[in-house]
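Enquirer: You'll find model_37.tsv just under this line, and it carries TSV, C-alpha atoms.
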```
chain	number	residue	atom	x	y	z
A	257	MET	CA	22.93	158.55	215.72
A	258	PRO	CA	21.29	157.18	218.91
A	259	ALA	CA	23.42	154.74	220.90
A	260	ALA	CA	21.08	151.78	220.29
A	261	SER	CA	21.04	152.42	216.54
A	262	SER	CA	24.82	152.74	216.52
A	263	VAL	CA	25.22	149.36	218.23
A	264	SER	CA	22.74	147.73	215.82
A	265	TYR	CA	24.53	149.25	212.81
A	266	GLN	CA	27.93	148.08	214.06
A	267	ARG	CA	26.60	144.57	214.71
A	268	THR	CA	25.13	144.40	211.19
A	269	ARG	CA	28.42	145.50	209.65
A	270	GLU	CA	30.26	142.74	211.51
A	271	MET	CA	27.87	139.97	210.38
A	272	THR	CA	28.68	137.74	207.42
A	273	ILE	CA	26.29	137.40	204.48
A	274	ASP	CA	25.23	133.97	205.79
A	275	GLU	CA	24.50	135.43	209.21
A	276	LEU	CA	22.52	138.33	207.73
A	277	LEU	CA	20.42	135.94	205.66
A	278	LEU	CA	19.79	133.68	208.64
A	279	GLU	CA	18.85	136.72	210.72
A	280	ASN	CA	16.13	137.36	208.13
A	281	ARG	CA	15.02	133.70	208.21
A	282	ILE	CA	16.47	132.89	204.79
A	283	VAL	CA	18.09	129.49	204.20
A	284	PHE	CA	19.88	128.37	201.04
A	285	LEU	CA	20.08	124.85	199.60
A	286	VAL	CA	22.68	125.13	196.86
A	287	GLY	CA	24.44	122.24	195.15
A	288	GLU	CA	24.09	118.53	195.72
A	289	ILE	CA	21.84	117.22	198.46
A	290	ASN	CA	24.08	115.09	200.66
A	291	GLN	CA	24.62	114.41	204.33
A	292	SER	CA	26.58	117.63	204.85
A	293	SER	CA	24.29	120.02	202.98
A	294	ALA	CA	21.15	118.43	204.42
A	295	ALA	CA	22.50	118.65	207.97
A	296	ARG	CA	23.37	122.33	207.52
A	297	VAL	CA	19.91	123.23	206.20
A	298	MET	CA	18.14	121.18	208.88
A	299	MET	CA	20.17	122.81	211.67
A	300	GLN	CA	19.43	126.28	210.32
A	301	MET	CA	15.70	125.57	210.05
A	302	LEU	CA	15.58	124.10	213.56
A	303	TYR	CA	17.47	127.13	214.90
A	304	LEU	CA	14.98	129.51	213.26
A	305	GLU	CA	12.07	127.44	214.57
A	306	ASN	CA	13.48	127.78	218.07
A	307	GLN	CA	14.00	131.54	217.66
A	308	LYS	CA	10.51	132.42	216.41
A	309	ARG	CA	8.25	129.40	216.27
A	310	GLY	CA	5.51	129.72	213.66
A	311	GLN	CA	7.11	132.52	211.63
A	312	ASP	CA	7.86	131.88	207.96
A	313	ILE	CA	11.21	130.44	206.89
A	314	SER	CA	12.29	131.06	203.29
A	315	LEU	CA	14.15	128.18	201.62
A	316	TYR	CA	15.93	129.15	198.40
A	317	ILE	CA	16.77	126.17	196.18
A	318	ASN	CA	19.33	125.83	193.39
A	319	SER	CA	20.17	122.14	193.36
A	320	PRO	CA	20.58	119.15	191.02
A	321	GLY	CA	19.22	116.86	193.72
A	322	GLY	CA	21.17	114.13	195.42
A	323	ALA	CA	20.83	111.32	197.94
A	324	VAL	CA	17.27	110.12	198.53
A	325	ASP	CA	17.80	109.49	202.25
A	326	ASP	CA	19.09	113.04	202.79
A	327	THR	CA	16.26	114.47	200.68
A	328	LEU	CA	13.69	112.65	202.81
A	329	ALA	CA	15.40	113.82	206.01
A	330	LEU	CA	14.97	117.41	204.81
A	331	TYR	CA	11.38	116.75	203.76
A	332	ASP	CA	10.51	115.27	207.16
A	333	THR	CA	12.11	118.24	208.92
A	334	MET	CA	10.08	120.68	206.81
A	335	ARG	CA	6.88	118.84	207.71
A	336	PHE	CA	7.86	118.60	211.39
A	337	LEU	CA	8.34	122.33	211.93
A	338	ALA	CA	5.52	124.61	213.04
A	339	SER	CA	7.05	127.43	210.99
A	340	PRO	CA	5.69	127.52	207.41
A	341	ILE	CA	8.43	126.91	204.82
A	342	ALA	CA	8.20	129.16	201.77
A	343	THR	CA	10.21	127.63	198.90
A	344	TYR	CA	11.88	129.48	196.04
A	345	CYS	CA	13.51	127.90	192.97
A	346	ILE	CA	16.20	130.34	191.84
A	347	GLY	CA	18.01	128.27	189.21
A	348	ARG	CA	17.08	124.64	189.12
A	349	ALA	CA	15.33	122.14	191.32
A	350	TYR	CA	16.01	118.68	189.94
A	351	SER	CA	15.20	115.26	191.36
A	352	GLY	CA	15.02	115.43	195.17
A	353	ALA	CA	15.26	119.23	195.07
A	354	ALA	CA	11.99	119.26	193.10
A	355	VAL	CA	10.38	117.24	195.90
A	356	LEU	CA	11.50	119.84	198.46
A	357	LEU	CA	10.35	122.73	196.28
A	358	ALA	CA	6.88	121.20	195.95
A	359	ALA	CA	6.78	120.37	199.67
A	360	GLY	CA	6.78	124.03	200.67
A	361	GLU	CA	3.77	125.69	202.27
A	362	LYS	CA	0.85	125.78	199.84
A	363	GLY	CA	0.50	129.27	198.41
A	364	LYS	CA	4.15	130.03	199.22
A	365	ARG	CA	5.99	127.95	196.61
A	366	PHE	CA	7.71	130.21	194.10
A	367	ILE	CA	9.92	129.95	191.02
A	368	LEU	CA	11.85	132.58	189.07
A	369	PRO	CA	11.01	132.98	185.36
A	370	HIS	CA	14.03	131.16	183.91
A	371	ALA	CA	14.41	128.50	186.58
A	372	LYS	CA	13.72	124.85	185.76
A	373	VAL	CA	12.36	121.83	187.58
A	374	MET	CA	12.91	118.15	186.81
A	375	ILE	CA	11.40	115.00	188.26
A	376	HIS	CA	12.51	111.41	187.65
A	377	GLN	CA	12.77	108.06	189.33
A	378	PRO	CA	15.64	107.59	191.82
A	379	TYR	CA	18.88	106.23	190.49
A	380	GLY	CA	20.49	103.27	192.17
A	381	GLY	CA	23.31	100.99	191.21
A	382	VAL	CA	22.56	97.37	192.12
A	383	THR	CA	25.52	95.07	192.77
A	384	GLY	CA	26.43	92.03	194.82
A	385	GLN	CA	25.04	88.54	195.23
A	386	ALA	CA	21.61	87.63	193.88
A	387	ALA	CA	19.91	87.95	197.27
A	388	ASP	CA	21.51	91.37	197.86
A	389	ILE	CA	20.49	92.56	194.40
A	390	LYS	CA	16.89	91.58	195.11
A	391	ILE	CA	16.88	93.46	198.41
A	392	GLN	CA	18.42	96.58	196.83
A	393	ALA	CA	15.98	96.50	193.92
A	394	GLU	CA	13.02	96.25	196.30
A	395	GLN	CA	14.36	99.20	198.28
A	396	ILE	CA	14.66	101.33	195.12
A	397	ILE	CA	11.06	100.49	194.21
A	398	LYS	CA	9.91	101.54	197.70
A	399	MET	CA	11.84	104.82	197.46
A	400	LYS	CA	10.41	105.50	194.02
A	401	ARG	CA	6.87	104.93	195.25
A	402	GLY	CA	7.42	107.10	198.32
A	403	LEU	CA	8.80	110.03	196.32
A	404	ASN	CA	5.99	109.80	193.77
A	405	GLU	CA	3.41	109.80	196.57
A	406	ILE	CA	4.95	112.98	198.01
A	407	ILE	CA	4.90	114.73	194.62
A	408	ALA	CA	1.33	113.60	193.94
A	409	LYS	CA	0.15	114.92	197.31
A	410	ALA	CA	1.98	118.24	196.85
A	411	THR	CA	0.84	118.87	193.28
A	412	GLY	CA	-2.67	117.43	193.22
A	413	GLN	CA	-1.70	115.14	190.35
A	414	THR	CA	-2.69	111.49	190.56
A	415	PHE	CA	-0.11	108.99	191.73
A	416	GLU	CA	-0.42	107.21	188.38
A	417	LYS	CA	0.25	110.44	186.47
A	418	VAL	CA	3.34	111.26	188.53
A	419	THR	CA	4.63	107.70	188.21
A	420	GLU	CA	4.26	107.84	184.44
A	421	ASP	CA	5.90	111.27	184.16
A	422	ALA	CA	8.81	110.32	186.40
A	423	GLU	CA	9.74	107.18	184.45
A	424	ARG	CA	12.19	109.36	182.50
A	425	ASP	CA	13.67	112.77	183.20
A	426	LYS	CA	10.77	115.22	182.87
A	427	TYR	CA	11.67	118.90	182.71
A	428	PHE	CA	9.39	121.83	183.48
A	429	SER	CA	9.77	125.48	182.64
A	430	ALA	CA	8.64	127.92	185.32
A	431	ILE	CA	5.17	128.21	183.80
A	432	GLU	CA	4.91	124.43	183.29
A	433	ALA	CA	5.93	123.85	186.92
A	434	LYS	CA	3.09	126.12	188.03
A	435	GLU	CA	0.59	124.37	185.76
A	436	TYR	CA	1.67	120.98	187.12
A	437	GLY	CA	1.27	122.15	190.72
A	438	LEU	CA	4.94	122.02	191.72
A	439	VAL	CA	4.84	125.74	192.55
A	440	ASP	CA	2.14	128.33	193.13
A	441	GLU	CA	3.56	131.40	191.44
A	442	VAL	CA	6.20	132.53	188.94
A	443	LEU	CA	8.00	135.52	190.46
A	444	GLU	CA	9.51	138.48	188.66
A	445	HIS	CA	9.50	140.62	191.82
A	446	PRO	CA	9.58	139.79	195.54
A	447	PRO	CA	6.26	138.55	196.95
A	448	GLU	CA	3.97	141.24	198.33
A	449	GLY	CA	4.99	142.26	201.81
A	450	THR	CA	8.69	141.36	201.42
A	451	GLU	CA	9.91	144.24	199.25
A	452	ASN	CA	11.02	146.37	202.18
A	453	LYS	CA	12.54	143.61	204.26
A	454	SER	CA	15.49	145.17	206.03
A	455	PHE	CA	18.87	143.60	206.73
A	456	SER	CA	19.46	145.69	209.80
```
Just give me the structure of the file as structure tokens.

Expert:
Amino acid sequence: MPAASSVSYQRTREMTIDELLLENRIVFLVGEINQSSAARVMMQMLYLENQKRGQDISLYINSPGGAVDDTLALYDTMRFLASPIATYCIGRAYSGAAVLLAAGEKGKRFILPHAKVMIHQPYGGVTGQAADIKIQAEQIIKMKRGLNEIIAKATGQTFEKVTEDAERDKYFSAIEAKEYGLVDEVLEHPPEGTENKSFS
């Protein structure tokens, strides 16, 4: 084995799974979207942007959603980067995770056959004095409108249609998610051109 190949092989063997995935520009969003998980994903995407600006980043999503502020921070980061973000739903993309799935690069938003997507209006407990309750309620309405506008833009649905659908939990099968415009393709095999991607 040539010396250079030997060094590369040894380095690969010493890398963790997370490091190998990141080396291949693959980022995972798994579990609840919160300050910690959002910060980790944003840092990884920014790192990859700095390494090879403009080259695709693959974001794999299996999440029930989470905090709206952290979801929007991730969304803004995705839009900010020059690198196209290909999104993959590999289990579920509910609530804010559905927003991120749909926000991927057009033509590069994928879902596996048995994965599910769900959209709904943001939850928010309202407590406190009357004036505080009014302020919190107005903020929830603003967040709801903002999220619905993002989904409408990403899917091609009208704002009114998305608003109506999101009034209650609305679930989509993989095929239904494609028909709605949340994703572009239902995958049973890796996208063309990625089958031989090497972790070396």

Enquirer: Calculate how many Å separate CA of Glu444 in chain A from CA of Gly310 in chain A, rounding to one decimal.

Expert: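 Going from CA of Glu444 in chain A over to CA of Gly310 in chain A, I get 26.8 Å.
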
Enquirer: Rounded to one decimal place, report the CA of Val297 in chain A-CA of Gly347 in chain A distance in Å.

Expert: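 Distance reported for this atom pair: 17.8 Å.
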
Enquirer: Using all atoms listed in the file, which of A:Val373, A:Ile346, A:Met299, A:Ile282 sits nearest Gly321 in chain A?

Expert: A:Val373

Enquirer: To one decimal in Å, tell me the separation between CA of Met374 in chain A and CA of Tyr350 in chain A.

Expert: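 Those two atoms sit 4.4 Å apart.
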
Enquirer: Can you list, as a PyMOL selection string, every protein, DNA or RNA residue that comes within 8 Å of Lys426 in chain A when you count all atoms listed in the file, leaving out same-chain residues fewer than 5 positions away?

Expert: chain A and resi 374-376+421

Enquirer: Do you know which residues are at most 12 Å from Arg401 in chain A counting only C-alpha atoms, after dropping those on the same chain fewer than 6 positions away, and could you put them as a tab-separated table (two decimals) with C-alpha atoms, in the frame of the given file?

Expert:
```
chain	number	residue	atom	x	y	z
A	376	HIS	CA	12.51	111.41	187.65
A	377	GLN	CA	12.77	108.06	189.33
A	378	PRO	CA	15.64	107.59	191.82
A	394	GLU	CA	13.02	96.25	196.30
A	395	GLN	CA	14.36	99.20	198.28
A	407	ILE	CA	4.90	114.73	194.62
A	408	ALA	CA	1.33	113.60	193.94
A	415	PHE	CA	-0.11	108.99	191.73
A	416	GLU	CA	-0.42	107.21	188.38
A	418	VAL	CA	3.34	111.26	188.53
A	419	THR	CA	4.63	107.70	188.21
A	420	GLU	CA	4.26	107.84	184.44
A	422	ALA	CA	8.81	110.32	186.40
A	423	GLU	CA	9.74	107.18	184.45
```

Enquirer: With distances taken over all atoms listed in the file, which residue among A:Ala329, A:Leu438, A:Leu443, A:Leu403 lies nearest Asn290 in chain A?

Expert: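 When distances to Asn290 in chain A are compared using all atoms listed in the file, the smallest one comes from A:Ala329.
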
Enquirer: Show me, as number ranges by chain, the residues that have an atom within 12 Å of Glu435 in chain A when counting only C-alpha atoms, minus same-chain residues fewer than 5 positions from it.

Expert: A: 411-413, 428-430, 440-442

Enquirer: Could you pull the residues within 8 Å of Met301 in chain A, counting only C-alpha atoms, minus those fewer than 4 positions along the same chain, as a list in words?

Expert: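 Residues meeting the cut-off are Val283, Val297, Glu305 and Ile313 of chain A.
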
Enquirer: May I have the residues within 9 Å of Val286 in chain A as number ranges by chain, using only C-alpha atoms and disregarding those fewer than 2 positions away in the same chain?

Expert: A: 284, 288-289, 293, 316-320

Enquirer: So which one's closest to Ile341 in chain A, A:Ile273, A:Ile396, A:Leu315, A:Ala354? Using all atoms listed in the file, please.

Expert: A:Leu315

Enquirer: Nearest to Ala323 in chain A among A:Leu368, A:Met399, A:Ala358, A:Met298, with distances taken over all atoms listed in the file: which residue is it?

Expert: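 Smallest distance to Ala323 in chain A is found for A:Met399.
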
Enquirer: Dig up all the protein and nucleic acid residues within 8 Å of (7.6, 122.2, 196.5) in the file frame, using all atoms listed in the file, and format them as a list of chain:residue names.

Expert: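 The residues that fall inside the cut-off are A:Thr343, A:Ala354, A:Val355, A:Leu356, A:Leu357, A:Ala358, A:Ala359, A:Gly360, A:Glu361, A:Arg365, A:Ala410, A:Leu438, A:Val439.
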
Enquirer: From the set A:Leu330, A:Gln300, A:Pro369, A:Ala433, which residue has the shortest atom-to-atom contact distance to Glu275 in chain A, counting all atoms listed in the file?

Expert: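 Answer, going by the shortest atom-to-atom distance: A:Gln300.
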
Enquirer: For each of A:Thr414, A:His370, A:Asn280, A:Gly287, take the minimum atom-to-atom distance to Glu432 in chain A, counting all atoms listed in the file, then give the residue where this is smallest.

Expert: A:His370

Enquirer: Report the centre and edge lengths, in Å to one decimal, of an axis-aligned box enclosing every atom of range 343-352 of chain A listed in the file, padded by 4 Å on each side, as lines of an AutoDock Vina configuration file.

Expert:
```
center_x = 14.1
center_y = 122.8
center_z = 194.0
size_x = 15.8
size_y = 23.1
size_z = 17.8
```
